[in-house]
Amino acid sequence: MKIVIAKSSGFCLGVRRAVEMVIDASSQNEKPVYTYGPLIHNPQVLLSLEEKGVHVFKEVPSQGTGSVLIRAHGVTPDTKEKLEKAGFDVLNATCPRVVKIQSIIKKYARQNYAVIILGDKNHPEVVGLLGYAGKNSTVINAINELDSLPAFEKAIIVAQSTQNTDFFARVKEWADQNFPDYKIFDTICDSTEKRQMEVRKLAEYVDILIVVGGKESGNTKRLVEIGKESGKPAFQIETESDLDSIGTGLLCSVSTIGITAGASTPNWIIKRVYKALEELPYKDRRGWQGTLFRLQRALLLTNIYVSMGAGFLTYACIKLLGQNAYWPYLMLSMLYVQSMHILNHLIGTVSDRYNDPERAFYYEKNKHLLLILAAVAGSAGLVLAYYIEFWSFAILFVMSVTGLSYNLTIFPKNFPGFKYRRFRDLPGSKPLLIAVAWGVLAAILPPLSLTGTITWLNILIFFWAAGLVFVRTGFFDILDMQGDRLVGKETIALLLGEKNSIHLLTIILLVLIAMLPTAAAFKLISPIGYLLTLCPVFLLIILSAYKNRMIMPSTKLEFLVESHFILAGLITFIEPG
């Protein structure tokens, strides 16, 4: 089964801006935060905002305190004025493209032009636009309604920002033939137009089209209509659980499935639908393919695969440094990473609810068993380090305490002059701390234990190993950006944005690609350093494929990313001695 996702699926500019504004407001203000009407037409996002304390009211109260956010659809001028008079701090998140339509209507309504709006009269955007149009306005939602319009002396035609582009084209043709003096403004959002165009192209080569979005979302419904017009089966779903309504038999019987989504659908829901479809053929299948897929998922859920990766990376670094006593340090790395990753996932299940609900369910169901496993692995690592020598134990103990305190509140709220309460609140702390911990285990602790000294060559290998781990963790943060923002996580991806974060990781990988071959050329390390360049190259290929939408967040992608550490160990293993 091949799964293709439309490039423009997910939050549009206006929705993303509104969601980020309300999240920032709820995080920064102690006073209550409200939205006037549902922020967007997506019940999952609305539920998440409600859990953050963002409440919704549909009628303007006579008095109130706190902040009220005007959603991306906009409101009438009267409504905004009432909110301000009631005592609220009004935050205007109206989409800039909707503001443009409001401005056009306002300008021509003042000149006594009749206003014809192409849209759904009950849609909140159209309700807001009518507030600028005045009494001499009409809403048209079907081509046959045009015949009942009077002949206006002068009129303008605008469209709801999410209107069907084909419908707008037919109305424009009607106006050119019957009322060429009417002023027509193409106010359909660029994102909407692009989204609809992509659905038409997608429908040409897929067998089934799945549109992800809220049931009340007008632009999502139009995408379904356009899909059906192509003659292909098109289905609208809100979440991955709605795939059951389509039928496993039908989904598994086709070769290509197309996915698109409405403008108010977050990436984490699209990702969950993609993963559910990816897993569908393997869930109940017997044979090697089903077994292999379930094994992959089990290794990822239990963190066994990532701990194996830490061990293989440690082995590669020790061999690069020309040392052969690797087994104790390999086991040390595996035990530490196994313990810390389990504990942090147990504490971080809130974000996993969005980013990886299967993992969240697995950890909730098996939390006691996993807690015991983490404790056993962590304790075994400390005991092993103690028997190696004192400094190994001391370093691992400090790293363990730091790892355990990552999600814990260190500074109370009333602590003066410091806004960060936990290590996780520090922007970018997660990939940096993980990278340093893995780098120390792989390239610093072994030589320090064996020789009692650290050379600049150890530091070079440390930066190579830590760089790979930083890119790995930073890339996963990019995949989880919207879910992390909802729960208030501070990551480099959120700080820099997706585009700049990918650029940063690309630069790091290019440096890593040059690092080991240069050292090998000057005979500072083993010639195996040339081959180990495959590891950052492998990551760079994955990053480029994701950037160009050639690969999507999935179990296979996660397994591929973690496999580059296994690759490092396997490459090193071919060197004798």
# chains A, B, ... in the order shown; residues from 1 in each chain; ligands from 1
$ residues_around --residues "region 390-400 of chain A" --least-positions-apart "5" --cutoff "10 Å" --atoms "only C-alpha atoms" --output "PyMOL selection string"
chain A and resi 329+332-333+336-337+339-340+378-379+381-385+405-406+433-434+436-437+440-441+444-446+448-449+452
$ select_by_dssp --residues "region 192-280 of chain A" --states "strand (DSSP E)" --output "list of chain:residue names"
A:Ile208, A:Leu209, A:Ile210, A:Val211, A:Val212, A:Ala234, A:Phe235, A:Gln236, A:Ile237, A:Thr256, A:Ile257, A:Gly258, A:Ile259, A:Thr260, A:Ala261
$ residues_around --residues "region 505-509 of chain A" --least-positions-apart "4" --cutoff "10 Å" --atoms "only C-alpha atoms" --output "number ranges by chain"
A: 464, 467-468, 470-472, 474-475, 500-501, 513-515, 533, 535-541, 543-544
$ write_last_selection --atoms "N, CA, C and O atoms" --output "PDB file, in the first residue's frame"
ATOM      1  N   TRP A 464      31.611  14.479  17.456  1.00  0.00           N
ATOM      2  CA  TRP A 464      31.019  13.712  16.350  1.00  0.00           C
ATOM      3  C   TRP A 464      29.821  12.901  16.840  1.00  0.00           C
ATOM      4  O   TRP A 464      28.739  12.940  16.236  1.00  0.00           O
ATOM      5  N   GLY A 467      27.020  15.196  18.039  1.00  0.00           N
ATOM      6  CA  GLY A 467      26.369  15.833  16.892  1.00  0.00           C
ATOM      7  C   GLY A 467      25.324  14.945  16.254  1.00  0.00           C
ATOM      8  O   GLY A 467      24.224  15.391  15.916  1.00  0.00           O
ATOM      9  N   LEU A 468      25.647  13.664  16.099  1.00  0.00           N
ATOM     10  CA  LEU A 468      24.674  12.721  15.543  1.00  0.00           C
ATOM     11  C   LEU A 468      23.436  12.627  16.421  1.00  0.00           C
ATOM     12  O   LEU A 468      22.302  12.606  15.923  1.00  0.00           O
ATOM     13  N   PHE A 470      22.367  14.870  18.618  1.00  0.00           N
ATOM     14  CA  PHE A 470      21.649  16.145  18.594  1.00  0.00           C
ATOM     15  C   PHE A 470      20.739  16.237  17.376  1.00  0.00           C
ATOM     16  O   PHE A 470      19.584  16.662  17.475  1.00  0.00           O
ATOM     17  N   VAL A 471      21.251  15.835  16.210  1.00  0.00           N
ATOM     18  CA  VAL A 471      20.452  15.867  14.981  1.00  0.00           C
ATOM     19  C   VAL A 471      19.274  14.903  15.108  1.00  0.00           C
ATOM     20  O   VAL A 471      18.138  15.250  14.739  1.00  0.00           O
ATOM     21  N   ARG A 472      19.538  13.728  15.628  1.00  0.00           N
ATOM     22  CA  ARG A 472      18.468  12.728  15.806  1.00  0.00           C
ATOM     23  C   ARG A 472      17.345  13.266  16.684  1.00  0.00           C
ATOM     24  O   ARG A 472      16.160  13.216  16.340  1.00  0.00           O
ATOM     25  N   GLY A 474      16.811  16.470  17.627  1.00  0.00           N
ATOM     26  CA  GLY A 474      16.238  17.684  17.047  1.00  0.00           C
ATOM     27  C   GLY A 474      15.254  17.383  15.928  1.00  0.00           C
ATOM     28  O   GLY A 474      14.237  18.057  15.783  1.00  0.00           O
ATOM     29  N   PHE A 475      15.548  16.345  15.146  1.00  0.00           N
ATOM     30  CA  PHE A 475      14.641  15.962  14.066  1.00  0.00           C
ATOM     31  C   PHE A 475      13.314  15.456  14.621  1.00  0.00           C
ATOM     32  O   PHE A 475      12.239  15.825  14.119  1.00  0.00           O
ATOM     33  N   ASN A 500      14.082  26.894   9.794  1.00  0.00           N
ATOM     34  CA  ASN A 500      15.397  27.220  10.352  1.00  0.00           C
ATOM     35  C   ASN A 500      15.995  26.036  11.105  1.00  0.00           C
ATOM     36  O   ASN A 500      17.220  25.861  11.128  1.00  0.00           O
ATOM     37  N   SER A 501      15.141  25.230  11.737  1.00  0.00           N
ATOM     38  CA  SER A 501      15.632  24.058  12.461  1.00  0.00           C
ATOM     39  C   SER A 501      16.235  23.039  11.500  1.00  0.00           C
ATOM     40  O   SER A 501      17.305  22.475  11.767  1.00  0.00           O
ATOM     41  N   ILE A 513      29.993  15.262   8.414  1.00  0.00           N
ATOM     42  CA  ILE A 513      30.433  14.514   7.227  1.00  0.00           C
ATOM     43  C   ILE A 513      31.914  14.774   6.941  1.00  0.00           C
ATOM     44  O   ILE A 513      32.648  13.868   6.529  1.00  0.00           O
ATOM     45  N   ALA A 514      32.348  16.000   7.182  1.00  0.00           N
ATOM     46  CA  ALA A 514      33.754  16.345   6.908  1.00  0.00           C
ATOM     47  C   ALA A 514      34.691  15.959   8.051  1.00  0.00           C
ATOM     48  O   ALA A 514      35.902  15.817   7.842  1.00  0.00           O
ATOM     49  N   MET A 515      34.170  15.757   9.244  1.00  0.00           N
ATOM     50  CA  MET A 515      35.006  15.625  10.441  1.00  0.00           C
ATOM     51  C   MET A 515      35.880  14.375  10.430  1.00  0.00           C
ATOM     52  O   MET A 515      37.124  14.452  10.520  1.00  0.00           O
ATOM     53  N   THR A 533      31.508   7.968   7.831  1.00  0.00           N
ATOM     54  CA  THR A 533      30.856   9.150   7.245  1.00  0.00           C
ATOM     55  C   THR A 533      29.472   8.796   6.697  1.00  0.00           C
ATOM     56  O   THR A 533      28.619   9.664   6.518  1.00  0.00           O
ATOM     57  N   CYS A 535      27.152   7.486   8.250  1.00  0.00           N
ATOM     58  CA  CYS A 535      26.124   7.744   9.272  1.00  0.00           C
ATOM     59  C   CYS A 535      25.513   9.139   9.127  1.00  0.00           C
ATOM     60  O   CYS A 535      24.288   9.267   8.997  1.00  0.00           O
ATOM     61  N   PRO A 536      26.309  10.232   9.138  1.00  0.00           N
ATOM     62  CA  PRO A 536      25.694  11.547   8.910  1.00  0.00           C
ATOM     63  C   PRO A 536      25.117  11.697   7.506  1.00  0.00           C
ATOM     64  O   PRO A 536      24.125  12.412   7.321  1.00  0.00           O
ATOM     65  N   VAL A 537      25.706  11.026   6.503  1.00  0.00           N
ATOM     66  CA  VAL A 537      25.140  11.066   5.151  1.00  0.00           C
ATOM     67  C   VAL A 537      23.752  10.428   5.147  1.00  0.00           C
ATOM     68  O   VAL A 537      22.812  10.948   4.532  1.00  0.00           O
ATOM     69  N   PHE A 538      23.629   9.303   5.849  1.00  0.00           N
ATOM     70  CA  PHE A 538      22.352   8.599   5.970  1.00  0.00           C
ATOM     71  C   PHE A 538      21.298   9.514   6.603  1.00  0.00           C
ATOM     72  O   PHE A 538      20.162   9.612   6.115  1.00  0.00           O
ATOM     73  N   LEU A 539      21.682  10.226   7.676  1.00  0.00           N
ATOM     74  CA  LEU A 539      20.752  11.156   8.332  1.00  0.00           C
ATOM     75  C   LEU A 539      20.399  12.332   7.419  1.00  0.00           C
ATOM     76  O   LEU A 539      19.253  12.790   7.409  1.00  0.00           O
ATOM     77  N   LEU A 540      21.383  12.808   6.667  1.00  0.00           N
ATOM     78  CA  LEU A 540      21.135  13.935   5.765  1.00  0.00           C
ATOM     79  C   LEU A 540      20.138  13.555   4.669  1.00  0.00           C
ATOM     80  O   LEU A 540      19.276  14.356   4.293  1.00  0.00           O
ATOM     81  N   ILE A 541      20.232  12.335   4.173  1.00  0.00           N
ATOM     82  CA  ILE A 541      19.286  11.849   3.158  1.00  0.00           C
ATOM     83  C   ILE A 541      17.870  11.810   3.741  1.00  0.00           C
ATOM     84  O   ILE A 541      16.903  12.226   3.094  1.00  0.00           O
ATOM     85  N   LEU A 543      16.715  13.552   6.303  1.00  0.00           N
ATOM     86  CA  LEU A 543      16.273  14.925   6.549  1.00  0.00           C
ATOM     87  C   LEU A 543      15.831  15.594   5.251  1.00  0.00           C
ATOM     88  O   LEU A 543      14.801  16.284   5.215  1.00  0.00           O
ATOM     89  N   SER A 544      16.570  15.390   4.180  1.00  0.00           N
ATOM     90  CA  SER A 544      16.220  15.976   2.882  1.00  0.00           C
ATOM     91  C   SER A 544      14.920  15.384   2.341  1.00  0.00           C
ATOM     92  O   SER A 544      14.093  16.101   1.773  1.00  0.00           O
TER      93      SER A 544
END
$ residues_around --residues "Leu346 (chain A)" --least-positions-apart "6" --cutoff "9 Å" --atoms "only C-alpha atoms" --output "ChimeraX atom specification"
/A:360,363-364,367,370-371
$ residues_around --residues "Gly529 (chain A)" --least-positions-apart "5" --cutoff "7 Å" --atoms "only C-alpha atoms" --output "list in words"
Leu516, Pro517 and Ala520 of chain A
$ atom_distance --atom1 "CA of Lys172 (chain A)" --atom2 "CA of Phe185 (chain A)"
9.5 Å
$ atom_distance --atom1 "CA of Thr239 (chain A)" --atom2 "CA of Leu251 (chain A)"
15.5 Å
$ residues_around --residues "Gly64 (chain A)" --least-positions-apart "4" --cutoff "10 Å" --atoms "only C-alpha atoms" --output "list in words"
Pro32, Val60, Val68, Leu83, Glu84, Lys85, Ala86, Gly87, Phe88 and Asp89 of chain A
